[in-house]
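**Q** Structure file upload30.cif (mmCIF, C-alpha atoms and all ligand atoms) is given on the next line.
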data_work
loop_
_atom_site.label_atom_id
_atom_site.label_comp_id
_atom_site.auth_asym_id
_atom_site.auth_seq_id
_atom_site.Cartn_x
_atom_site.Cartn_y
_atom_site.Cartn_z
CA MET A 29 0.00 0.00 0.00
CA THR A 30 1.92 3.07 -1.17
CA GLN A 31 -0.47 5.58 -2.75
CA PRO A 32 -4.17 6.34 -2.41
CA ASP A 33 -6.10 4.80 -5.23
CA PHE A 34 -6.95 7.82 -7.39
CA LEU A 35 -9.29 7.03 -10.26
CA SER A 36 -7.46 6.89 -13.56
CA GLN A 37 -7.17 10.49 -14.72
CA PRO A 38 -10.02 11.43 -17.03
CA ALA A 39 -9.47 13.99 -19.82
CA PRO A 40 -8.53 16.83 -19.54
CA PHE A 41 -6.39 15.70 -16.63
CA ASP A 42 -4.56 12.78 -18.24
CA THR A 43 -1.72 14.96 -19.53
CA PRO A 44 1.90 15.31 -18.43
CA GLU A 45 1.27 19.06 -18.19
CA PHE A 46 -1.45 18.63 -15.55
CA GLU A 47 0.77 16.21 -13.60
CA ALA A 48 3.59 18.78 -13.79
CA LEU A 49 1.23 21.47 -12.49
CA LEU A 50 0.25 19.27 -9.53
CA ALA A 51 3.91 18.55 -8.79
CA ASP A 52 4.74 22.28 -8.92
CA LEU A 53 1.87 23.20 -6.59
CA SER A 54 2.70 20.41 -4.21
CA ARG A 55 6.38 21.36 -4.04
CA SER A 56 5.59 24.96 -3.09
CA ALA A 57 2.57 24.28 -0.83
CA ALA A 58 4.47 24.34 2.48
CA GLU A 59 6.09 27.65 1.51
CA VAL A 60 2.73 29.21 0.55
CA ASP A 61 1.39 28.10 3.93
CA GLN A 62 4.32 29.38 5.95
CA GLN A 63 4.87 32.68 4.14
CA GLY A 64 1.18 33.51 3.96
CA THR A 65 1.60 35.50 0.77
CA TRP A 66 -0.71 35.44 -2.24
CA PRO A 67 0.22 32.50 -4.54
CA ASP A 68 0.95 34.66 -7.57
CA TRP A 69 3.27 32.27 -9.36
CA GLN A 70 0.84 29.41 -8.72
CA PHE A 71 -1.94 31.43 -10.38
CA SER A 72 0.23 32.09 -13.40
CA ARG A 73 0.80 28.30 -13.63
CA LEU A 74 -2.99 27.79 -13.42
CA ALA A 75 -3.38 30.29 -16.27
CA GLU A 76 -0.72 28.49 -18.35
CA GLU A 77 -2.49 25.14 -17.97
CA GLY A 78 -5.92 26.55 -18.84
CA VAL A 79 -7.30 26.03 -15.32
CA LEU A 80 -8.60 29.61 -15.18
CA GLY A 81 -10.99 28.72 -18.01
CA TRP A 82 -12.64 25.76 -16.24
CA VAL A 83 -15.84 27.60 -15.25
CA ILE A 84 -15.94 30.08 -18.13
CA PRO A 85 -18.15 29.36 -21.16
CA ILE A 86 -16.34 28.38 -24.37
CA GLU A 87 -17.68 31.43 -26.21
CA TYR A 88 -15.76 33.66 -23.78
CA GLY A 89 -12.48 31.75 -24.06
CA GLY A 90 -13.03 29.17 -21.31
CA SER A 91 -13.39 25.39 -21.40
CA GLU A 92 -16.60 25.05 -19.34
CA LEU A 93 -15.90 21.76 -17.55
CA ASP A 94 -18.88 19.66 -16.58
CA PRO A 95 -19.59 19.54 -12.81
CA GLU A 96 -18.01 16.11 -12.28
CA MET A 97 -14.78 17.09 -14.01
CA LEU A 98 -14.65 20.36 -12.11
CA ILE A 99 -14.93 18.45 -8.84
CA PHE A 100 -12.20 16.07 -9.99
CA GLY A 101 -9.92 19.00 -10.83
CA TYR A 102 -10.55 20.70 -7.49
CA GLU A 103 -9.87 17.49 -5.60
CA ARG A 104 -6.54 16.90 -7.32
CA LEU A 105 -5.45 20.52 -6.93
CA ALA A 106 -6.44 20.58 -3.23
CA THR A 107 -4.33 17.49 -2.60
CA ALA A 108 -1.39 19.44 -4.03
CA CYS A 109 -1.98 22.92 -2.46
CA LEU A 110 -5.11 23.79 -0.50
CA THR A 111 -4.42 27.54 -0.36
CA THR A 112 -4.11 27.92 -4.13
CA THR A 113 -7.16 25.74 -4.71
CA PHE A 114 -9.29 27.56 -2.16
CA ASN A 115 -8.35 30.91 -3.73
CA LEU A 116 -9.28 29.45 -7.11
CA THR A 117 -12.72 28.37 -5.86
CA GLN A 118 -13.48 31.88 -4.60
CA ARG A 119 -12.38 33.34 -7.93
CA ASN A 120 -14.40 30.69 -9.76
CA GLY A 121 -17.45 31.45 -7.63
CA ALA A 122 -17.27 35.04 -8.88
CA CYS A 123 -16.78 33.92 -12.50
CA GLN A 124 -19.73 31.51 -12.27
CA ARG A 125 -22.02 34.23 -10.98
CA ILE A 126 -20.92 36.55 -13.78
CA ALA A 127 -21.24 33.83 -16.44
CA GLY A 128 -24.68 32.84 -15.13
CA CYS A 129 -26.21 36.35 -15.14
CA ASP A 130 -28.35 37.95 -17.85
CA ASN A 131 -26.09 40.97 -18.29
CA SER A 132 -24.57 40.09 -21.68
CA GLU A 133 -22.68 43.36 -22.00
CA LEU A 134 -20.84 42.80 -18.72
CA LYS A 135 -20.16 39.15 -19.54
CA ALA A 136 -18.53 40.13 -22.84
CA GLU A 137 -16.52 42.81 -21.05
CA LEU A 138 -15.18 40.68 -18.17
CA LEU A 139 -15.19 36.99 -18.98
CA PRO A 140 -12.51 36.83 -21.73
CA ASP A 141 -10.03 38.72 -19.51
CA LEU A 142 -10.96 36.58 -16.51
CA ALA A 143 -10.37 33.41 -18.56
CA ALA A 144 -6.97 34.66 -19.66
CA GLY A 145 -5.97 35.68 -16.13
CA HIS A 146 -5.72 39.38 -17.06
CA LEU A 147 -8.40 40.27 -14.50
CA PHE A 148 -8.98 38.81 -11.06
CA ALA A 149 -12.40 38.61 -9.45
CA THR A 150 -13.46 37.14 -6.15
CA VAL A 151 -16.59 36.70 -4.11
CA GLY A 152 -17.85 38.36 -0.92
CA VAL A 153 -21.34 37.03 -0.34
CA SER A 154 -21.22 35.32 3.05
CA HIS A 155 -23.29 38.12 4.62
CA LEU A 156 -26.16 36.91 2.40
CA THR A 157 -25.75 33.22 3.34
CA THR A 158 -23.78 32.10 6.41
CA SER A 159 -22.31 35.16 8.13
CA ARG A 160 -24.04 37.70 10.40
CA GLN A 161 -27.42 36.06 9.91
CA HIS A 162 -28.34 36.71 13.55
CA LEU A 163 -27.99 40.49 13.22
CA SER A 164 -31.04 42.65 12.56
CA GLN A 165 -29.23 45.14 10.27
CA PRO A 166 -27.99 43.90 6.89
CA ALA A 167 -24.18 44.00 6.62
CA VAL A 168 -24.39 45.86 3.31
CA GLN A 169 -27.25 48.25 2.55
CA ALA A 170 -28.11 49.08 -1.05
CA GLU A 171 -30.14 52.03 -2.23
CA GLU A 172 -31.35 52.25 -5.82
CA ILE A 173 -30.96 55.80 -7.14
CA GLU A 174 -31.81 56.21 -10.82
CA ASP A 175 -29.31 54.10 -12.77
CA THR A 176 -27.05 53.40 -9.81
CA PHE A 177 -26.91 51.53 -6.52
CA VAL A 178 -25.37 53.21 -3.49
CA LEU A 179 -23.71 50.74 -1.13
CA ASN A 180 -22.90 51.23 2.55
CA GLY A 181 -21.64 48.76 5.14
CA GLN A 182 -19.07 46.04 5.35
CA ILE A 183 -18.44 42.90 3.33
CA PRO A 184 -17.16 40.71 6.16
CA TRP A 185 -15.17 38.05 4.29
CA VAL A 186 -13.38 38.44 0.97
CA THR A 187 -10.62 36.09 -0.08
CA GLY A 188 -8.10 37.77 -2.34
CA ALA A 189 -9.65 41.18 -1.75
CA MET A 190 -6.31 42.92 -2.32
CA PRO A 191 -5.46 41.49 -5.74
CA ALA A 192 -9.12 41.66 -6.86
CA ASP A 193 -10.25 43.94 -9.68
CA TYR A 194 -13.89 42.97 -9.02
CA VAL A 195 -15.73 41.54 -6.04
CA VAL A 196 -19.01 39.80 -6.66
CA THR A 197 -21.03 40.93 -3.68
CA GLY A 198 -24.51 41.75 -2.55
CA GLY A 199 -26.51 44.33 -0.70
CA THR A 200 -29.96 44.49 0.84
CA CYS A 201 -32.46 47.20 -0.07
CA VAL A 202 -34.73 48.84 2.49
CA ASP A 203 -37.65 46.62 1.35
CA GLY A 204 -35.57 43.47 2.01
CA ARG A 205 -34.89 42.65 -1.62
CA GLN A 206 -31.26 41.99 -2.52
CA ILE A 207 -28.91 42.75 -5.37
CA LEU A 208 -25.81 40.99 -6.62
CA ILE A 209 -23.21 43.14 -8.27
CA ALA A 210 -19.68 42.89 -9.75
CA LEU A 211 -18.16 45.67 -7.67
CA PRO A 212 -15.07 47.33 -9.19
CA THR A 213 -12.64 47.64 -6.29
CA ASN A 214 -11.24 50.96 -7.57
CA LEU A 215 -14.50 52.85 -6.95
CA GLU A 216 -14.46 55.76 -4.54
CA GLY A 217 -15.56 54.69 -1.05
CA VAL A 218 -14.25 51.10 -1.34
CA THR A 219 -11.63 50.34 1.35
CA VAL A 220 -9.95 46.96 1.30
CA GLU A 221 -8.94 46.25 4.90
CA GLU A 222 -5.71 44.48 5.87
CA PRO A 223 -6.10 40.69 5.70
CA VAL A 224 -6.77 39.08 9.09
CA PRO A 225 -4.24 36.58 10.51
CA LEU A 226 -5.76 33.09 10.28
CA LEU A 227 -5.26 29.62 11.76
CA ALA A 228 -4.45 28.38 8.24
CA LEU A 229 -4.66 29.57 4.63
CA ASN A 230 -3.04 32.93 5.34
CA GLY A 231 -2.08 32.99 1.66
CA SER A 232 -5.77 33.55 0.90
CA LEU A 233 -5.33 37.18 2.05
CA THR A 234 -8.84 37.10 3.45
CA GLY A 235 -10.22 40.26 4.97
CA SER A 236 -13.16 42.61 4.92
CA ILE A 237 -14.09 45.49 2.64
CA ALA A 238 -15.66 48.68 3.95
CA LEU A 239 -18.15 50.48 1.71
CA GLU A 240 -18.96 54.12 2.24
CA ASN A 241 -21.44 55.72 -0.14
CA VAL A 242 -20.10 53.67 -3.03
CA VAL A 243 -21.98 54.54 -6.21
CA VAL A 244 -22.11 51.55 -8.56
CA ASP A 245 -23.55 51.92 -12.04
CA ARG A 246 -26.36 49.55 -13.02
CA HIS A 247 -23.98 48.29 -15.72
CA TYR A 248 -22.36 46.08 -13.01
CA LEU A 249 -25.63 44.53 -11.82
CA LEU A 250 -25.69 40.71 -11.96
CA ALA A 251 -29.09 40.04 -10.38
CA GLY A 252 -31.93 41.70 -8.49
CA PRO A 253 -33.33 43.53 -6.74
CA VAL A 254 -35.10 40.34 -5.75
CA ASP A 255 -35.79 38.29 -2.60
CA GLN A 256 -32.99 35.90 -1.61
CA VAL A 257 -30.68 36.74 -4.51
CA MET A 258 -28.24 33.93 -3.65
CA GLN A 259 -30.93 31.32 -4.24
CA ARG A 260 -30.88 32.24 -7.92
CA GLY A 261 -28.41 31.57 -10.71
CA GLN A 262 -25.45 29.29 -10.62
CA GLY A 263 -22.27 29.01 -8.59
CA GLY A 264 -20.97 26.36 -6.22
CA GLY A 265 -23.19 27.56 -3.37
CA THR A 266 -22.88 27.19 0.37
CA GLY A 267 -21.83 23.70 1.46
CA SER A 268 -21.89 22.45 -2.15
CA VAL A 269 -20.06 19.36 -3.36
CA ALA A 270 -17.38 21.72 -4.72
CA THR A 271 -16.54 22.74 -1.13
CA SER A 272 -16.46 19.04 -0.15
CA SER A 273 -14.07 18.18 -2.97
CA LEU A 274 -11.40 20.35 -1.31
CA ALA A 275 -11.83 18.52 2.01
CA VAL A 276 -11.67 15.19 0.18
CA GLY A 277 -8.47 16.36 -1.54
CA LEU A 278 -6.93 17.15 1.85
CA VAL A 279 -7.90 13.66 3.07
CA GLY A 280 -6.16 12.17 0.01
CA ARG A 281 -2.96 14.01 0.90
CA SER A 282 -3.07 12.86 4.56
CA LEU A 283 -3.72 9.28 3.52
CA ALA A 284 -0.81 9.34 1.06
CA HIS A 285 1.50 10.36 3.93
CA LEU A 286 -0.04 7.80 6.30
CA MET A 287 0.34 5.05 3.71
CA ARG A 288 3.98 5.92 3.22
CA GLU A 289 4.49 5.69 7.00
CA SER A 290 2.64 2.38 7.16
CA ASP A 291 4.97 0.86 4.54
CA ARG A 292 7.71 1.10 7.16
CA ARG A 293 5.47 0.59 10.20
CA PRO A 294 3.07 -2.33 9.73
CA GLU A 295 1.26 -1.53 13.00
CA LEU A 296 -0.33 1.43 11.20
CA THR A 297 -2.01 -0.77 8.58
CA GLU A 298 -5.02 -1.52 10.77
CA VAL A 299 -5.97 2.19 10.83
CA VAL A 300 -4.91 3.08 7.30
CA GLU A 301 -7.15 0.46 5.71
CA PRO A 302 -10.47 1.65 7.20
CA PHE A 303 -9.54 5.26 6.43
CA ALA A 304 -8.77 4.35 2.80
CA LYS A 305 -12.07 2.46 2.52
CA GLU A 306 -14.08 5.36 3.94
CA TRP A 307 -12.29 7.80 1.64
CA SER A 308 -12.96 5.65 -1.48
CA GLN A 309 -16.67 5.41 -0.64
CA LEU A 310 -16.87 9.13 0.02
CA ARG A 311 -15.19 9.88 -3.33
CA MET A 312 -17.61 7.60 -5.15
CA ASP A 313 -20.55 9.35 -3.51
CA LEU A 314 -19.04 12.79 -4.20
CA TYR A 315 -18.74 12.07 -7.91
CA ALA A 316 -22.16 10.41 -8.12
CA SER A 317 -23.65 13.47 -6.47
CA ALA A 318 -21.78 15.79 -8.87
CA ARG A 319 -23.24 13.76 -11.78
CA GLY A 320 -26.70 14.46 -10.36
CA GLU A 321 -27.41 10.84 -9.38
CA GLY A 322 -28.86 11.76 -5.99
CA THR A 323 -32.54 10.91 -5.48
CA ALA A 324 -34.92 10.84 -2.53
CA GLU A 325 -33.76 7.24 -1.94
CA THR A 326 -30.06 8.16 -1.68
CA PRO A 327 -29.60 10.31 1.43
CA ASN A 328 -25.85 9.61 1.26
CA LEU A 329 -25.66 11.57 -2.01
CA THR A 330 -27.01 14.89 -0.75
CA ALA A 331 -24.52 17.78 -0.70
CA GLU A 332 -25.17 18.10 3.04
CA SER A 333 -24.39 14.48 3.89
CA ILE A 334 -21.26 14.52 1.73
CA ARG A 335 -19.95 17.73 3.31
CA GLN A 336 -20.63 16.37 6.80
CA ARG A 337 -18.71 13.17 6.07
CA ALA A 338 -15.91 15.05 4.28
CA ASN A 339 -15.46 17.41 7.24
CA SER A 340 -15.40 14.55 9.71
CA LEU A 341 -12.92 12.50 7.66
CA ALA A 342 -10.67 15.51 7.06
CA LEU A 343 -10.47 16.16 10.82
CA ARG A 344 -9.90 12.51 11.75
CA SER A 345 -7.44 11.59 9.01
CA THR A 346 -5.23 14.66 9.54
CA GLN A 347 -5.15 14.03 13.29
CA ALA A 348 -4.29 10.38 12.65
CA LEU A 349 -1.36 11.53 10.53
CA LEU A 350 -0.23 13.88 13.32
CA ALA A 351 -0.43 11.10 15.94
CA ALA A 352 1.48 8.73 13.66
CA SER A 353 4.09 11.41 12.91
CA LYS A 354 4.59 12.00 16.66
CA GLY A 355 6.54 15.09 17.80
CA ALA A 356 8.15 15.51 14.38
CA GLY A 357 4.69 16.16 12.96
CA PHE A 358 4.06 18.91 15.52
CA VAL A 359 6.92 21.02 14.19
CA ALA A 360 5.82 23.98 12.04
CA GLY A 361 6.21 23.15 8.36
CA HIS A 362 5.62 19.40 8.71
CA PRO A 363 2.80 18.15 6.44
CA ALA A 364 0.98 16.74 9.48
CA GLU A 365 0.69 20.06 11.34
CA ARG A 366 -0.34 21.87 8.16
CA GLY A 367 -3.00 19.23 7.47
CA VAL A 368 -4.47 19.53 10.98
CA ARG A 369 -4.75 23.32 10.67
CA GLU A 370 -6.17 23.11 7.16
CA ALA A 371 -8.81 20.57 8.23
CA MET A 372 -10.16 23.07 10.79
CA PHE A 373 -10.99 25.44 7.97
CA PHE A 374 -13.81 23.19 6.77
CA LEU A 375 -15.60 23.66 10.09
CA VAL A 376 -16.11 27.34 9.31
CA TRP A 377 -15.91 27.88 5.54
CA SER A 378 -19.17 27.89 3.62
CA CYS A 379 -20.70 25.72 6.30
CA PRO A 380 -24.49 25.84 6.55
CA GLN A 381 -26.06 25.53 10.00
CA PRO A 382 -27.09 21.82 9.73
CA ILE A 383 -23.46 20.88 9.00
CA VAL A 384 -22.18 22.96 11.91
CA ALA A 385 -24.83 21.31 14.12
CA ALA A 386 -23.78 17.84 12.93
CA ALA A 387 -20.12 18.60 13.73
CA LEU A 388 -21.03 19.83 17.22
CA ARG A 389 -23.08 16.68 17.85
CA GLU A 390 -20.18 14.53 16.68
CA PHE A 391 -17.79 16.36 19.04
CA ALA A 392 -20.23 15.87 21.92
CA CYS A 393 -20.56 12.17 20.96
CA LEU A 394 -24.33 12.58 20.54
CA VAL A 395 -25.56 9.77 18.33
CA ASP A 396 -28.39 10.68 15.92
C1 LIG B 1 -10.41 31.94 5.72
C2 LIG B 1 -11.82 32.28 5.32
C3 LIG B 1 -12.05 32.73 4.03
C4 LIG B 1 -13.33 33.07 3.64
N1 LIG B 1 -13.51 33.55 2.37
C5 LIG B 1 -14.72 33.95 1.99
C6 LIG B 1 -14.90 34.54 0.71
O1 LIG B 1 -13.98 34.69 -0.09
N2 LIG B 1 -16.14 34.95 0.37
C7 LIG B 1 -17.21 34.81 1.19
O2 LIG B 1 -18.31 35.19 0.81
N3 LIG B 1 -17.06 34.25 2.42
C8 LIG B 1 -15.85 33.82 2.84
N4 LIG B 1 -15.70 33.29 4.10
C9 LIG B 1 -16.86 33.26 5.03
C10 LIG B 1 -17.35 31.87 5.41
O3 LIG B 1 -17.82 31.17 4.29
C11 LIG B 1 -18.45 31.97 6.49
O4 LIG B 1 -19.49 32.78 6.06
C12 LIG B 1 -17.91 32.53 7.79
O5 LIG B 1 -16.83 31.72 8.20
C13 LIG B 1 -19.00 32.57 8.85
O6 LIG B 1 -18.40 33.02 10.06
P1 LIG B 1 -18.83 34.37 10.79
O7 LIG B 1 -17.89 34.55 11.93
O8 LIG B 1 -18.92 35.48 9.81
O9 LIG B 1 -20.29 33.96 11.29
P2 LIG B 1 -21.32 34.74 12.18
O10 LIG B 1 -22.59 33.92 12.13
O11 LIG B 1 -21.42 36.16 11.80
O12 LIG B 1 -20.72 34.59 13.63
C14 LIG B 1 -19.83 35.55 14.21
C15 LIG B 1 -20.01 35.55 15.72
O13 LIG B 1 -21.33 35.95 16.01
C16 LIG B 1 -21.84 35.22 17.12
N5 LIG B 1 -23.07 34.50 16.70
C17 LIG B 1 -23.19 33.62 15.70
N6 LIG B 1 -24.46 33.16 15.62
C18 LIG B 1 -25.13 33.74 16.60
C19 LIG B 1 -26.49 33.70 17.03
N7 LIG B 1 -27.38 32.92 16.45
N8 LIG B 1 -26.85 34.46 18.08
C20 LIG B 1 -25.96 35.27 18.70
N9 LIG B 1 -24.66 35.36 18.34
C21 LIG B 1 -24.25 34.62 17.30
C22 LIG B 1 -20.75 34.28 17.57
O14 LIG B 1 -20.07 34.88 18.66
C23 LIG B 1 -19.84 34.18 16.37
O15 LIG B 1 -18.49 33.95 16.73
C24 LIG B 1 -14.42 32.94 4.54
C25 LIG B 1 -14.18 32.48 5.85
C26 LIG B 1 -12.91 32.16 6.25
C27 LIG B 1 -12.68 31.70 7.67
#
In structure tokens, what does this structure look like?

**A**
Amino acid sequence: MTQPDFLSQPAPFDTPEFEALLADLSRSAAEVDQQGTWPDWQFSRLAEEGVLGWVIPIEYGGSELDPEMLIFGYERLATACLTTTFNLTQRNGACQRIAGCDNSELKAELLPDLAAGHLFATVGVSHLTTSRQHLSQPAVQAEEIEDTFVLNGQIPWVTGAMPADYVVTGGTCVDGRQILIALPTNLEGVTVEEPVPLLALNGSLTGSIALENVVVDRHYLLAGPVDQVMQRGQGGGTGSVATSSLAVGLVGRSLAHLMRESDRRPELTEVVEPFAKEWSQLRMDLYASARGEGTAETPNLTAESIRQRANSLALRSTQALLAASKGAGFVAGHPAERGVREAMFFLVWSCPQPIVAAALREFACLVD
């Protein structure tokens, strides 16, 4: 037992170039983690290998992967470097929202440059889904004035806010309806705050953006004003299988290290085997779900059940690697300590309430 059993690489991943990309990302992943700087070079490699076109329609210069292939790509990239892959998903979330909107003029203006890597967009929508939901005031207020929207408030979480040319974000009007907009970051009144220091993924340069009387032309409108704007259009979505594919990729990396250890230490085999079995089943369910095979009779194929299992396995498998690596694995820079910190991220990123509740019940050993 030396390597996790990855499925044979489907096109477009069965190329030496994609393997070289994975090797490059993997080699520099520890450095990205430790330095906490934006993975610029890694993004230029993604551009070279056409990865930046994965979610962009062919007519705008992208390759428009189908959902299963996208998940496969994310999983493999996350195994190599979680920070780069996470940053890519946030950028892709923005591209998907732009590509899925009805504003053809804006699509023609932004998507070709996004596909080529000449522009960078990211997403700041958590205040419409998972963040600050308990507060009575909306985090971002939007007022429609003639052909513009005036935005005030704070976008709490934006990955890659500093390098971003556009942030796909939303605001709530006084009547409760919401808008989604591609906000140019160079508008007057937009202040990108310093990134906050994080437990892991500091290279995501995640921080908040303050908005003070920012006047955005209707030209940048993606959707709305409408109730629950995030329920419309496409994009990975909160707790989607795309988010799970990153956790599954991290599990694959931990298992690869554990398997290498177990080659020299047979006593580890009894734990590696059940982990590998659970991981294989989870992957099969992840891909079946991405292919849309879930039905009312397959509760194990819902996005929620997959994310719950992926979170749990990511936490357990990374901790198993740390325990097996002993004190050496506790030293900063060791793959085991990085994996443990990275696994924690899935407890808080794009995590809908039922998944948080399931994690808390698991920690409290409450059996459903
Ligand atoms: C590294 C990182 C990168 C991210 N990148 C992005 C991104 O690029 N784009 C994006 O849109 N989102 C992003 N997110 C946001 C993420 O998806 C979640 O929305 C976010 O983690 C939710 O956490 P919160 O602290 O904002 O939640 P909140 O629900 O606002 O909780 C904050 C605090 O409020 C209190 N609280 C919570 N619930 C209640 C309640 N019911 N009653 C009373 N008090 C309560 C608690 O003290 C809690 O600590 C990112 C998050 C992280 C950690």

**Q** When distances are computed from all atoms listed in the file, which of A:Ala318, A:Ala75, A:Val384, A:Leu239 shows the smallest separation from ligand LIG 1 (chain B)?

**A**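 With all atoms listed in the file as the atom set, the closest residue is A:Val384.
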
**Q** Pick out the residues sitting within 12 Å of A:Pro184, and hand them over as a list of chain:residue names; count only C-alpha atoms, and ignore anything fewer than 5 positions along from it in its own chain.

**A** A:Val151, A:Gly152, A:Val153, A:Ser154, A:His155, A:Leu156, A:Thr157, A:Thr158, A:Ser159, A:Arg160, A:Gln161, A:Pro166, A:Ala167, A:Val168, A:Ala189, A:Thr197, A:Gly198, A:Val220, A:Glu221, A:Pro223, A:Val224, A:Thr234, A:Gly235, A:Ser236, A:Ile237, A:Ala238, A:Leu239

**Q** Which of these residues is nearest to A:Arg335, using all atoms listed in the file: A:Leu147, A:Val359, A:Val376, A:Ala352?

**A**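 Of all the options, A:Val376 lies closest to A:Arg335.
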
**Q** Report as a list in words all protein, DNA and RNA residues lying within 12 Å of A:Ile173, evaluated on only C-alpha atoms, omitting residues in the same chain fewer than 3 positions from it.

**A** Ala170, Thr176, Phe177, Val178, Leu179, Cys201, Asn241, Val242, Val243, Val244, Asp245 and Arg246 of chain A

**Q** Give, as AutoDock Vina command-line options, the centre coordinates and the x, y and z edge lengths in Å to one decimal for an axis-aligned box around all listed atoms of ligand LIG 1 (chain B), padded by 4 Å on each side.

**A**
--center_x -18.9 --center_y 33.7 --center_z 9.3 --size_x 25.0 --size_y 13.0 --size_z 26.8

**Q** Using all atoms listed in the file, can you tell me which of A:Met258, A:Ile383, A:Val218, A:Ala348 comes closest to A:Leu283?

**A** A:Ala348

**Q** Quick one: of A:Pro40, A:Gly355, A:Pro191, A:Gly181, who's nearest to A:Phe100, counting all atoms listed in the file?

**A**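 Of all the options, A:Pro40 lies closest to A:Phe100.
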
**Q** Write out as number ranges by chain each polymer residue whose atoms come within 7 Å of A:Pro253, counting all atoms listed in the file; drop sequence neighbours fewer than 2 positions from it.

**A** A: 205-207, 251

**Q** Can you work out which one of A:Arg260, A:Tyr315, A:Asp68, A:Phe114 has the shortest atom-to-atom distance to A:Asp130, counting all atoms listed in the file?

**A**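 Looking only at the distances to A:Asp130, the closest residue turns out to be A:Arg260.
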
**Q** Set the distance at 10 Å and use only C-alpha atoms: which residues neighbour A:Ser290 once local chain neighbours fewer than 5 positions away are removed? I'd like the list as a PyMOL selection string.

**A** chain A and resi 29-30+284-285+295-300+352

**Q** Can I get the selected residues back with C-alpha atoms, as a compact mmCIF listing (two decimals), keeping the file's coordinate frame?

**A**
# COMPACT_ATOMS: atom_id res chain seq x y z
CA MET A 29 0.00 0.00 0.00
CA THR A 30 1.92 3.07 -1.17
CA ALA A 284 -0.81 9.34 1.06
CA HIS A 285 1.50 10.36 3.93
CA GLU A 295 1.26 -1.53 13.00
CA LEU A 296 -0.33 1.43 11.20
CA THR A 297 -2.01 -0.77 8.58
CA GLU A 298 -5.02 -1.52 10.77
CA VAL A 299 -5.97 2.19 10.83
CA VAL A 300 -4.91 3.08 7.30
CA ALA A 352 1.48 8.73 13.66

**Q** Any idea what the distance is between atom CA of A:Thr266 and atom CA of A:Pro327?

**A**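 Rounded to one decimal, the two atoms are 18.2 Å apart.
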
**Q** Using Å and a single decimal, report how far atom CA of A:Ala304 sits from atom CA of A:Ala360.

**A**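 That distance, rounded to one decimal, is 26.1 Å.
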
**Q** Closest to ligand LIG 1 (chain B) among A:Ala331, A:Ala106, A:Leu314, A:Ala228, using only C-alpha atoms and all ligand atoms?

**A** A:Ala228

**Q** Missing atoms in stretch 222-234 of chain A need filling: write out N, CA and C atoms for it as a compact mmCIF listing (two decimals), in the frame of the given file.

**A**
# COMPACT_ATOMS: atom_id res chain seq x y z
N GLU A 222 -6.83 45.42 5.77
CA GLU A 222 -5.71 44.48 5.87
C GLU A 222 -6.25 43.07 6.08
N PRO A 223 -5.65 42.06 5.45
CA PRO A 223 -6.10 40.69 5.70
C PRO A 223 -5.94 40.32 7.18
N VAL A 224 -6.86 39.48 7.68
CA VAL A 224 -6.77 39.08 9.09
C VAL A 224 -5.86 37.85 9.21
N PRO A 225 -5.06 37.78 10.32
CA PRO A 225 -4.24 36.58 10.51
C PRO A 225 -5.14 35.38 10.83
N LEU A 226 -4.87 34.25 10.19
CA LEU A 226 -5.76 33.09 10.28
C LEU A 226 -5.04 31.88 10.87
N LEU A 227 -5.82 30.89 11.28
CA LEU A 227 -5.26 29.62 11.76
C LEU A 227 -4.55 28.88 10.62
N ALA A 228 -5.06 29.01 9.43
CA ALA A 228 -4.45 28.38 8.24
C ALA A 228 -4.85 29.21 7.04
N LEU A 229 -4.28 28.90 5.88
CA LEU A 229 -4.66 29.57 4.63
C LEU A 229 -4.43 31.09 4.66
N ASN A 230 -3.35 31.49 5.33
CA ASN A 230 -3.04 32.93 5.34
C ASN A 230 -2.75 33.47 3.94
N GLY A 231 -2.32 32.58 3.05
CA GLY A 231 -2.08 32.99 1.66
C GLY A 231 -3.36 33.29 0.90
N SER A 232 -4.51 33.18 1.56
CA SER A 232 -5.77 33.55 0.90
C SER A 232 -6.00 35.07 1.02
N LEU A 233 -5.16 35.73 1.83
CA LEU A 233 -5.33 37.18 2.05
C LEU A 233 -6.79 37.56 2.26
N THR A 234 -7.42 36.85 3.20
CA THR A 234 -8.84 37.10 3.45
C THR A 234 -9.03 38.26 4.43
